[in-house]
$ cat target09.txt   # compact mmCIF, C-alpha atoms
# COMPACT_ATOMS: atom_id res chain seq x y z
CA MET A 1 3.42 18.53 3.31
CA GLY A 2 1.61 15.68 1.60
CA SER A 3 2.56 13.24 4.35
CA ALA A 4 -0.04 14.87 6.62
CA VAL A 5 -2.79 13.19 4.60
CA GLU A 6 -0.90 9.92 5.10
CA THR A 7 -1.30 10.26 8.86
CA LEU A 8 -4.95 11.31 8.78
CA CYS A 9 -6.18 8.96 6.06
CA GLY A 10 -4.41 5.98 7.59
CA GLN A 11 -5.87 6.55 11.04
CA ALA A 12 -9.32 7.36 9.65
CA TYR A 13 -9.31 4.14 7.63
CA GLY A 14 -8.28 2.14 10.68
CA ALA A 15 -11.08 3.78 12.69
CA LEU A 16 -13.61 2.84 9.92
CA ARG A 17 -14.34 6.51 9.18
CA TYR A 18 -14.18 5.91 5.44
CA ASP A 19 -16.02 9.10 4.46
CA MET A 20 -13.20 11.26 5.86
CA LEU A 21 -10.56 9.90 3.46
CA GLY A 22 -12.03 11.77 0.51
CA ILE A 23 -12.31 14.94 2.59
CA TYR A 24 -8.68 14.72 3.67
CA LEU A 25 -7.64 14.12 0.05
CA GLN A 26 -9.39 17.28 -1.13
CA ARG A 27 -8.23 19.34 1.82
CA SER A 28 -4.61 18.35 1.29
CA THR A 29 -4.83 19.17 -2.41
CA ILE A 30 -6.12 22.65 -1.59
CA VAL A 31 -3.35 23.33 0.94
CA LEU A 32 -0.60 21.99 -1.33
CA THR A 33 -1.86 23.94 -4.35
CA LEU A 34 -1.78 27.19 -2.39
CA THR A 35 1.70 26.30 -1.16
CA GLY A 36 2.78 25.78 -4.76
CA ILE A 37 2.34 29.48 -5.57
CA PRO A 38 5.38 30.76 -3.59
CA LEU A 39 7.36 27.75 -4.80
CA MET A 40 6.53 28.78 -8.36
CA LEU A 41 7.97 32.23 -7.66
CA ALA A 42 11.18 30.62 -6.41
CA TYR A 43 11.39 28.65 -9.66
CA ILE A 44 10.82 31.79 -11.74
CA PHE A 45 13.68 33.60 -10.00
CA SER A 46 15.94 30.54 -9.84
CA LYS A 47 18.73 32.13 -11.91
CA PRO A 48 19.43 35.10 -9.62
CA ILE A 49 19.03 32.84 -6.58
CA LEU A 50 21.66 30.42 -7.89
CA MET A 51 24.02 33.26 -8.79
CA LEU A 52 23.55 34.67 -5.29
CA LEU A 53 24.62 31.27 -3.92
CA GLY A 54 27.85 31.51 -5.90
CA GLU A 55 27.08 29.41 -8.97
CA PRO A 56 28.65 30.51 -12.29
CA ALA A 57 26.37 32.44 -14.63
CA GLU A 58 26.48 29.68 -17.27
CA VAL A 59 25.44 27.01 -14.77
CA ALA A 60 22.72 29.24 -13.29
CA SER A 61 21.30 30.00 -16.74
CA ALA A 62 21.18 26.33 -17.78
CA ALA A 63 19.62 25.31 -14.47
CA ALA A 64 17.02 28.07 -14.73
CA VAL A 65 15.97 26.92 -18.20
CA PHE A 66 15.40 23.40 -16.89
CA VAL A 67 13.56 24.68 -13.80
CA TYR A 68 11.14 26.81 -15.86
CA GLY A 69 9.79 23.65 -17.45
CA LEU A 70 9.23 22.12 -14.02
CA ILE A 71 6.75 24.80 -12.89
CA PRO A 72 3.70 22.73 -14.00
CA GLN A 73 5.18 19.82 -12.06
CA ILE A 74 4.76 21.75 -8.79
CA PHE A 75 0.99 21.62 -9.09
CA ALA A 76 1.06 18.03 -10.32
CA TYR A 77 2.84 17.19 -7.06
CA ALA A 78 0.12 19.07 -5.17
CA ALA A 79 -2.46 16.65 -6.54
CA ASN A 80 -0.36 13.49 -6.83
CA PHE A 81 0.88 13.19 -3.25
CA PRO A 82 -2.57 13.35 -1.63
CA ILE A 83 -3.97 10.90 -4.20
CA GLN A 84 -1.09 8.52 -3.66
CA LYS A 85 -1.43 8.60 0.13
CA PHE A 86 -5.21 8.28 -0.15
CA LEU A 87 -4.74 5.01 -2.04
CA GLN A 88 -1.87 3.73 0.10
CA SER A 89 -3.83 4.21 3.31
CA GLN A 90 -6.30 1.66 1.91
CA SER A 91 -3.46 -0.69 0.90
CA ILE A 92 -4.16 0.02 -2.77
CA VAL A 93 -0.72 0.13 -4.37
CA ILE A 94 -0.78 -2.11 -7.47
CA PRO A 95 -2.73 0.34 -9.70
CA SER A 96 -0.27 3.15 -8.91
CA ALA A 97 2.63 0.82 -9.72
CA TYR A 98 1.14 -0.08 -13.12
CA ILE A 99 0.37 3.56 -13.88
CA SER A 100 3.91 4.62 -12.95
CA ALA A 101 5.47 1.84 -15.05
CA ALA A 102 3.38 2.75 -18.10
CA THR A 103 4.13 6.44 -17.65
CA LEU A 104 7.86 5.71 -17.37
CA VAL A 105 7.86 4.02 -20.77
CA LEU A 106 5.92 6.93 -22.27
CA HIS A 107 8.21 9.42 -20.53
CA LEU A 108 11.33 7.86 -22.05
CA LEU A 109 9.81 7.96 -25.52
CA LEU A 110 8.60 11.56 -25.22
CA SER A 111 11.93 12.69 -23.73
CA TRP A 112 13.81 11.18 -26.66
CA VAL A 113 11.51 12.93 -29.13
CA ALA A 114 11.62 16.30 -27.33
CA VAL A 115 15.37 16.40 -26.73
CA TYR A 116 16.85 14.67 -29.76
CA LYS A 117 14.24 14.83 -32.52
CA ILE A 118 12.68 18.23 -31.90
CA GLY A 119 15.82 19.67 -30.30
CA LEU A 120 14.18 21.35 -27.31
CA GLY A 121 17.10 20.52 -25.03
CA LEU A 122 16.78 21.17 -21.30
CA ILE A 123 13.40 22.86 -21.50
CA GLY A 124 12.04 19.92 -23.50
CA ALA A 125 13.27 17.42 -20.94
CA SER A 126 11.71 19.31 -18.04
CA LEU A 127 8.41 19.90 -19.83
CA VAL A 128 8.11 16.21 -20.60
CA LEU A 129 8.80 15.45 -16.95
CA SER A 130 5.99 17.78 -15.91
CA LEU A 131 3.65 16.21 -18.46
CA SER A 132 4.48 12.73 -17.16
CA TRP A 133 3.50 13.70 -13.64
CA TRP A 134 0.19 15.10 -14.83
CA ILE A 135 -0.47 11.85 -16.70
CA ILE A 136 0.06 9.95 -13.45
CA VAL A 137 -2.31 12.31 -11.61
CA GLY A 138 -5.01 11.94 -14.24
CA ALA A 139 -4.75 8.16 -14.44
CA GLN A 140 -4.89 7.72 -10.66
CA MET A 141 -7.88 10.03 -10.39
CA VAL A 142 -9.70 8.04 -13.08
CA TYR A 143 -9.01 4.88 -11.10
CA ILE A 144 -10.49 6.42 -7.94
CA LEU A 145 -13.62 7.48 -9.80
CA ILE A 146 -14.32 4.12 -11.47
CA SER A 147 -12.96 1.58 -8.97
CA ASP A 148 -15.28 -0.28 -6.61
CA LYS A 149 -12.52 -0.29 -3.99
CA CYS A 150 -12.88 3.48 -3.53
CA LYS A 151 -16.67 3.73 -3.39
CA LEU A 152 -16.73 3.98 0.41
CA THR A 153 -13.84 6.42 0.65
CA TRP A 154 -14.61 8.75 -2.26
CA SER A 155 -18.07 10.33 -2.36
CA GLY A 156 -17.27 13.28 -4.60
CA LEU A 157 -16.32 16.89 -4.03
CA SER A 158 -17.41 18.35 -0.71
CA SER A 159 -17.47 21.79 0.90
CA GLN A 160 -16.10 20.15 4.06
CA ALA A 161 -12.71 20.21 2.36
CA PHE A 162 -12.56 23.97 3.04
CA SER A 163 -13.21 23.62 6.77
CA GLY A 164 -10.43 22.94 9.27
CA LEU A 165 -7.77 24.12 6.84
CA TRP A 166 -5.74 25.77 9.61
CA ASP A 167 -5.45 22.60 11.69
CA PHE A 168 -4.57 20.65 8.58
CA LEU A 169 -1.98 23.27 7.61
CA LYS A 170 -0.25 22.95 11.00
CA LEU A 171 0.19 19.19 10.60
CA SER A 172 1.20 19.66 6.97
CA THR A 173 3.80 22.24 7.95
CA ALA A 174 5.34 19.86 10.48
CA SER A 175 5.47 17.21 7.75
CA ALA A 176 7.10 19.63 5.34
CA VAL A 177 9.73 20.69 7.87
CA MET A 178 10.53 17.04 8.63
CA LEU A 179 11.11 16.08 4.99
CA CYS A 180 12.47 19.37 3.63
CA LEU A 181 15.21 19.54 6.23
CA GLU A 182 16.49 16.20 4.98
CA THR A 183 16.10 16.99 1.29
CA TRP A 184 17.67 20.43 1.56
CA TYR A 185 20.58 18.90 3.47
CA PHE A 186 21.60 16.92 0.39
CA GLN A 187 21.31 19.98 -1.83
CA ILE A 188 23.53 21.89 0.60
CA LEU A 189 26.05 19.05 0.36
CA VAL A 190 26.24 19.55 -3.39
CA LEU A 191 26.81 23.29 -2.97
CA ILE A 192 29.53 22.69 -0.37
CA ALA A 193 31.21 20.06 -2.55
CA GLY A 194 31.46 22.66 -5.29
CA LEU A 195 33.60 24.79 -2.96
CA LEU A 196 36.21 22.09 -2.27
CA GLU A 197 39.76 22.30 -3.62
CA ASN A 198 38.98 20.10 -6.64
CA PRO A 199 35.26 20.85 -7.19
CA GLU A 200 34.90 18.86 -10.42
CA LEU A 201 36.21 15.64 -8.86
CA ALA A 202 34.29 16.26 -5.64
CA LEU A 203 30.99 16.84 -7.43
CA ASP A 204 31.46 13.88 -9.77
CA SER A 205 32.29 11.41 -7.01
CA LEU A 206 29.62 12.80 -4.69
CA SER A 207 26.94 12.63 -7.39
CA ILE A 208 27.79 8.99 -8.15
CA CYS A 209 27.62 8.05 -4.47
CA MET A 210 24.34 9.91 -4.10
CA SER A 211 22.98 8.19 -7.21
CA ILE A 212 23.87 4.75 -5.84
CA SER A 213 22.45 5.66 -2.46
CA GLY A 214 19.31 7.03 -4.11
CA LEU A 215 18.73 3.86 -6.12
CA MET A 216 19.08 1.70 -3.02
CA PHE A 217 17.05 4.17 -0.99
CA MET A 218 14.00 3.55 -3.16
CA ILE A 219 13.71 0.06 -1.65
CA SER A 220 13.61 1.54 1.83
CA VAL A 221 11.03 4.09 0.68
CA GLY A 222 8.70 1.18 -0.08
CA PHE A 223 9.08 0.00 3.51
CA ASN A 224 8.55 3.60 4.63
CA ALA A 225 5.11 3.61 3.02
CA ALA A 226 4.29 0.14 4.37
CA ALA A 227 5.27 1.11 7.91
CA SER A 228 3.28 4.34 7.75
CA VAL A 229 0.13 2.64 6.47
CA ARG A 230 0.23 -0.29 8.90
CA VAL A 231 1.04 1.84 11.95
CA SER A 232 -1.61 4.46 11.18
CA ASN A 233 -4.22 1.78 10.50
CA GLU A 234 -3.42 -0.04 13.74
CA LEU A 235 -3.49 3.16 15.79
CA GLY A 236 -6.79 4.13 14.20
CA SER A 237 -8.11 0.71 15.23
CA GLU A 238 -6.86 1.23 18.82
CA HIS A 239 -4.16 -1.47 18.55
CA PRO A 240 -0.87 0.12 19.72
CA LYS A 241 0.86 -3.20 20.43
CA SER A 242 0.17 -4.37 16.88
CA ALA A 243 1.68 -1.10 15.67
CA ALA A 244 4.82 -1.74 17.73
CA PHE A 245 5.07 -5.27 16.30
CA THR A 246 4.78 -3.80 12.80
CA VAL A 247 7.72 -1.49 13.54
CA ALA A 248 9.90 -4.43 14.61
CA VAL A 249 9.05 -6.57 11.57
CA VAL A 250 9.45 -3.85 8.94
CA THR A 251 12.69 -2.57 10.48
CA LEU A 252 14.23 -6.06 10.53
CA VAL A 253 13.29 -6.81 6.92
CA SER A 254 14.50 -3.45 5.63
CA LEU A 255 17.74 -3.69 7.60
CA THR A 256 18.46 -7.17 6.22
CA ILE A 257 18.03 -5.95 2.65
CA ALA A 258 20.22 -2.91 3.38
CA VAL A 259 23.04 -5.14 4.66
CA VAL A 260 22.90 -7.12 1.40
CA GLU A 261 23.08 -3.85 -0.56
CA ALA A 262 26.12 -2.75 1.45
CA VAL A 263 27.92 -6.04 0.83
CA ILE A 264 27.26 -5.74 -2.91
CA VAL A 265 28.62 -2.17 -2.99
CA LEU A 266 31.77 -3.20 -1.15
CA ALA A 267 32.30 -6.22 -3.40
CA LEU A 268 31.95 -4.04 -6.52
CA ARG A 269 33.67 -0.92 -5.15
CA ASP A 270 36.31 -0.88 -7.91
CA ALA A 271 33.81 -1.37 -10.73
CA ILE A 272 30.49 0.12 -9.67
CA SER A 273 31.35 3.69 -10.63
CA TYR A 274 31.92 2.70 -14.29
CA ALA A 275 28.15 2.42 -14.64
CA PHE A 276 28.12 6.23 -14.32
CA THR A 277 31.50 7.37 -15.66
CA GLU A 278 34.49 6.31 -17.74
CA GLY A 279 36.98 8.44 -15.82
CA GLU A 280 39.53 6.46 -13.82
CA THR A 281 40.20 9.32 -11.40
CA VAL A 282 36.53 9.61 -10.50
CA ALA A 283 36.25 5.82 -10.23
CA LYS A 284 39.16 5.76 -7.77
CA ALA A 285 37.55 8.51 -5.68
CA VAL A 286 34.26 6.62 -5.60
CA SER A 287 36.08 3.43 -4.61
CA ASP A 288 37.64 5.26 -1.67
CA LEU A 289 34.18 6.47 -0.59
CA CYS A 290 32.51 3.06 -0.84
CA PRO A 291 33.18 1.94 2.77
CA PHE A 292 31.43 5.08 4.01
CA LEU A 293 28.69 4.56 1.44
CA ALA A 294 28.17 0.97 2.62
CA VAL A 295 27.61 2.07 6.21
CA THR A 296 25.28 4.78 4.95
CA LEU A 297 23.23 2.20 3.05
CA ILE A 298 22.80 0.11 6.18
CA LEU A 299 21.59 3.06 8.23
CA ASN A 300 19.40 4.17 5.33
CA GLY A 301 17.69 0.82 5.68
CA ILE A 302 16.49 1.87 9.12
CA GLN A 303 15.92 5.61 8.93
CA PRO A 304 13.13 5.67 6.29
CA VAL A 305 11.20 2.99 8.18
CA LEU A 306 11.33 5.04 11.37
CA SER A 307 10.27 8.14 9.43
CA GLY A 308 7.30 6.16 8.11
CA VAL A 309 6.38 5.18 11.66
CA ALA A 310 6.59 8.84 12.71
CA VAL A 311 4.27 9.86 9.87
CA GLY A 312 1.81 7.09 10.72
CA CYS A 313 1.68 8.31 14.32
CA GLY A 314 1.58 12.02 13.52
CA TRP A 315 5.00 12.71 15.07
CA GLN A 316 6.31 14.86 12.25
CA ALA A 317 7.22 17.71 14.60
CA PHE A 318 9.34 15.36 16.73
CA VAL A 319 11.30 14.15 13.70
CA ALA A 320 11.73 17.74 12.52
CA TYR A 321 13.54 18.57 15.77
CA VAL A 322 15.74 15.49 15.37
CA ASN A 323 16.59 16.51 11.79
CA VAL A 324 17.49 20.05 12.82
CA GLY A 325 19.87 18.77 15.48
CA CYS A 326 21.50 16.03 13.43
CA TYR A 327 21.71 17.67 10.02
CA TYR A 328 22.21 21.35 10.74
CA VAL A 329 23.55 21.67 14.28
CA VAL A 330 25.99 18.75 14.05
CA GLY A 331 26.24 17.44 10.47
CA ILE A 332 26.91 20.41 8.22
CA PRO A 333 29.15 22.43 10.61
CA LEU A 334 31.20 19.34 11.47
CA GLY A 335 31.44 18.41 7.80
CA CYS A 336 32.68 21.87 6.87
CA VAL A 337 35.33 21.80 9.59
CA LEU A 338 36.58 18.36 8.61
CA GLY A 339 36.25 18.95 4.89
CA PHE A 340 37.94 22.35 4.69
CA LYS A 341 40.11 22.73 7.78
CA TYR A 342 41.41 19.15 7.90
CA ASP A 343 41.21 18.60 4.12
CA LEU A 344 39.18 15.38 4.31
CA GLY A 345 37.00 16.61 1.46
CA ASN A 346 34.23 14.38 0.15
CA MET A 347 34.83 11.52 2.58
CA VAL A 348 33.13 13.55 5.27
CA ARG A 349 29.85 13.45 3.40
CA ASP A 350 29.00 9.78 3.96
CA ASP A 351 30.50 9.62 7.43
CA ARG A 352 28.40 12.57 8.50
CA ARG A 353 25.30 10.99 7.04
CA ASN A 354 25.85 7.95 9.27
CA ASN A 355 25.52 10.13 12.34
CA ASP A 356 22.61 12.10 10.91
CA ALA A 357 20.39 9.06 10.43
CA ASN A 358 20.67 8.43 14.22
CA PRO A 359 18.25 5.48 14.21
CA HIS A 360 19.36 4.12 17.57
CA PHE A 361 18.36 7.38 19.23
CA ILE A 362 14.92 7.36 17.59
CA VAL A 363 13.94 3.70 17.83
CA GLY A 364 13.78 3.54 21.63
CA ASP A 365 11.59 6.61 21.77
CA ILE A 366 9.30 5.17 19.11
CA TYR A 367 8.53 2.08 21.16
CA ASN A 368 7.85 4.19 24.25
CA ARG A 369 5.56 6.51 22.35
CA LEU A 370 3.66 3.66 20.74
CA GLU A 371 2.94 2.21 24.16
CA GLN A 372 1.56 5.61 25.16
CA ARG A 373 -0.66 5.57 22.02
CA GLY A 374 1.14 8.36 20.24
CA GLY A 375 1.48 11.01 22.95
CA ASP A 376 0.65 14.60 22.21
CA SER A 377 0.83 14.27 18.41
CA LYS A 378 -1.64 11.41 18.39
CA GLU A 379 -3.94 13.44 20.61
CA ALA A 380 -3.70 16.36 18.17
CA VAL A 381 -4.73 14.11 15.31
CA GLY A 382 -7.52 12.74 17.44
CA GLN A 383 -8.76 16.23 18.14
CA MET A 384 -8.97 16.91 14.41
CA GLY A 385 -11.02 13.75 13.99
CA ARG A 386 -13.38 14.75 16.78
CA GLN A 387 -13.80 18.19 15.27
CA GLU A 388 -14.72 16.58 11.95
CA ALA A 389 -17.25 14.33 13.69
CA ALA A 390 -18.82 17.37 15.36
CA THR A 391 -19.19 19.25 12.08
CA SER A 392 -20.38 16.29 9.98
$ encode --input "target09.txt" --output "structure tokens"
Amino acid sequence: MGSAVETLCGQAYGALRYDMLGIYLQRSTIVLTLTGIPLMLAYIFSKPILMLLGEPAEVASAAAVFVYGLIPQIFAYAANFPIQKFLQSQSIVIPSAYISAATLVLHLLLSWVAVYKIGLGLIGASLVLSLSWWIIVGAQMVYILISDKCKLTWSGLSSQAFSGLWDFLKLSTASAVMLCLETWYFQILVLIAGLLENPELALDSLSICMSISGLMFMISVGFNAAASVRVSNELGSEHPKSAAFTVAVVTLVSLTIAVVEAVIVLALRDAISYAFTEGETVAKAVSDLCPFLAVTLILNGIQPVLSGVAVGCGWQAFVAYVNVGCYYVVGIPLGCVLGFKYDLGNMVRDDRRNNDANPHFIVGDIYNRLEQRGGDSKEAVGQMGRQEAATS
């Protein structure tokens, strides 16, 4: 839901409506904090939920202990995402990088103390993780308050943050659906892998592939943010052709890096898994999956960029429909049929992901929509801006 502020802040900054960035930041924080309450309830009842999904009692109990310590993290997210997007929309990224790096070092130290020295175990690890996120939130907020770069965009707390919450919630909901459908898809994959004939091997090999993919994916996430900021700024400035040019440049750069990643994974397919495990059986399974993983990495170099473009244009609802079709109508049912009926097991995971990314389907529509200045979604965002202008 936090990506809604990315759309609005980016376009407001491009349109030189600097005062609205602080309003959108506060409004998003309010909406996300309220949303965190039902999420907190889901965390509290995580054990019975996991047992209902078929997990063993021992696994459900251990997971629940870890999740309890993550409850404060929910509300840290509610503040962090709007702050992060508020800064990114102004092309302010270096302070957040320094803060994150410093917090990472502190997090490692505190985790070691909590888990090994104090002996808090899983609950200690999760509590430290929550604390680390709150440190990031506090440090970024201090930067906003004292930095000259944010003087035009942050003018303090305002009652305007409580107006227009419904319109903001609608865009936030579309953003949440877009991203949650993708995130939940991977969690469903883990649950399905646990039901395969050899669940231990399936989960181990799948987790290693997902870890490798996740590490590489972080590079594409950086391009996702860059694409979103540049496109939203250009659209806010009434420059749709510049936005389209941005899409082409960012996509090409990200794709080139993704191809290099895929080549590296293929070259190290027999050795890469030993960074995560010492088991030869798991290593062999990962090696067999690497060709699928390599193709996935290439497509993952495109998909996040296009998602960033969608966020910058306010097309979250469009991407949500694409995700529903690719992930849940085609991906998961087809994967279950191939994995269980035809006994292809874990290999289906990466192959299915290649189809789910579906960048070739999306990219043509993106260029058409940019030429039309964002279509209905852009108009909806524009209406919100006009409403703000009328009330301010």
$ closest_residue --input "target09.txt" --among "A:Ile146, A:Val309, A:Leu201, A:Ile302" --to "Gly279 in chain A" --atoms "all atoms listed in the file"
A:Leu201
$ closest_residue --input "target09.txt" --among "A:Gln26, A:Leu191, A:Ala174, A:Asp204" --to "Met51 in chain A" --atoms "all atoms listed in the file"
A:Leu191
$ closest_atom_pairs --input "target09.txt" --of "range 14-66 of chain A" --to "range 122-129 of chain A" --cutoff "10 Å" --atoms "only C-alpha atoms" --output "CSV"
residue,atom,partner,partner_atom,distance
A:Ala62,CA,A:Leu122,CA,7.6
A:Ala63,CA,A:Leu122,CA,8.5
A:Ala64,CA,A:Ile123,CA,9.3
A:Val65,CA,A:Ile123,CA,5.8
A:Phe66,CA,A:Ile123,CA,5.1
$ atom_distance --input "target09.txt" --atom1 "CA of Leu108 in chain A" --atom2 "CA of Lys47 in chain A"
27.3 Å
$ residues_around --input "target09.txt" --residues "Trp133 in chain A" --least-positions-apart "2" --cutoff "10 Å" --atoms "only C-alpha atoms" --output "list in words"
Pro72, Gln73, Ile74, Phe75, Ala76, Tyr77, Ala79, Asn80, Ser100, Thr103, Leu104, His107, Val128, Leu129, Ser130, Leu131, Ile135, Ile136, Val137, Gly138 and Ala139 of chain A
$ build_atoms --input "target09.txt" --residues "range 73-90 of chain A" --atoms "N, CA and C atoms" --output "mmCIF file, in the frame of the given file"
data_model
loop_
_atom_site.group_PDB
_atom_site.id
_atom_site.type_symbol
_atom_site.label_atom_id
_atom_site.label_comp_id
_atom_site.auth_asym_id
_atom_site.auth_seq_id
_atom_site.Cartn_x
_atom_site.Cartn_y
_atom_site.Cartn_z
ATOM 1 N N GLN A 73 5.001 21.001 -12.897
ATOM 2 C CA GLN A 73 5.180 19.820 -12.060
ATOM 3 C C GLN A 73 4.853 20.119 -10.593
ATOM 4 N N ILE A 74 5.065 21.367 -10.171
ATOM 5 C CA ILE A 74 4.760 21.750 -8.790
ATOM 6 C C ILE A 74 3.305 21.422 -8.465
ATOM 7 N N PHE A 75 2.413 21.795 -9.355
ATOM 8 C CA PHE A 75 0.990 21.620 -9.090
ATOM 9 C C PHE A 75 0.541 20.176 -9.359
ATOM 10 N N ALA A 76 1.312 19.470 -10.182
ATOM 11 C CA ALA A 76 1.060 18.030 -10.320
ATOM 12 C C ALA A 76 1.391 17.316 -9.006
ATOM 13 N N TYR A 77 2.483 17.726 -8.375
ATOM 14 C CA TYR A 77 2.840 17.190 -7.060
ATOM 15 C C TYR A 77 1.716 17.464 -6.054
ATOM 16 N N ALA A 78 1.157 18.673 -6.120
ATOM 17 C CA ALA A 78 0.120 19.070 -5.170
ATOM 18 C C ALA A 78 -1.090 18.150 -5.232
ATOM 19 N N ALA A 79 -1.344 17.584 -6.394
ATOM 20 C CA ALA A 79 -2.460 16.650 -6.540
ATOM 21 C C ALA A 79 -2.013 15.206 -6.362
ATOM 22 N N ASN A 80 -0.808 14.881 -6.828
ATOM 23 C CA ASN A 80 -0.360 13.490 -6.830
ATOM 24 C C ASN A 80 -0.120 12.937 -5.427
ATOM 25 N N PHE A 81 0.553 13.699 -4.574
ATOM 26 C CA PHE A 81 0.880 13.190 -3.250
ATOM 27 C C PHE A 81 -0.358 12.847 -2.433
ATOM 28 N N PRO A 82 -1.368 13.730 -2.366
ATOM 29 C CA PRO A 82 -2.570 13.350 -1.630
ATOM 30 C C PRO A 82 -3.279 12.130 -2.235
ATOM 31 N N ILE A 83 -3.333 12.057 -3.567
ATOM 32 C CA ILE A 83 -3.970 10.900 -4.200
ATOM 33 C C ILE A 83 -3.224 9.625 -3.862
ATOM 34 N N GLN A 84 -1.915 9.686 -3.945
ATOM 35 C CA GLN A 84 -1.090 8.520 -3.660
ATOM 36 C C GLN A 84 -1.275 8.042 -2.227
ATOM 37 N N LYS A 85 -1.264 8.966 -1.272
ATOM 38 C CA LYS A 85 -1.430 8.600 0.130
ATOM 39 C C LYS A 85 -2.860 8.137 0.422
ATOM 40 N N PHE A 86 -3.817 8.709 -0.254
ATOM 41 C CA PHE A 86 -5.210 8.280 -0.150
ATOM 42 C C PHE A 86 -5.335 6.801 -0.533
ATOM 43 N N LEU A 87 -4.687 6.410 -1.602
ATOM 44 C CA LEU A 87 -4.740 5.010 -2.040
ATOM 45 C C LEU A 87 -3.915 4.112 -1.126
ATOM 46 N N GLN A 88 -2.728 4.556 -0.750
ATOM 47 C CA GLN A 88 -1.870 3.730 0.100
ATOM 48 C C GLN A 88 -2.491 3.448 1.454
ATOM 49 N N SER A 89 -3.214 4.407 2.004
ATOM 50 C CA SER A 89 -3.830 4.210 3.310
ATOM 51 C C SER A 89 -4.878 3.093 3.282
ATOM 52 N N GLN A 90 -5.355 2.758 2.078
ATOM 53 C CA GLN A 90 -6.300 1.660 1.910
ATOM 54 C C GLN A 90 -5.615 0.394 1.404
#
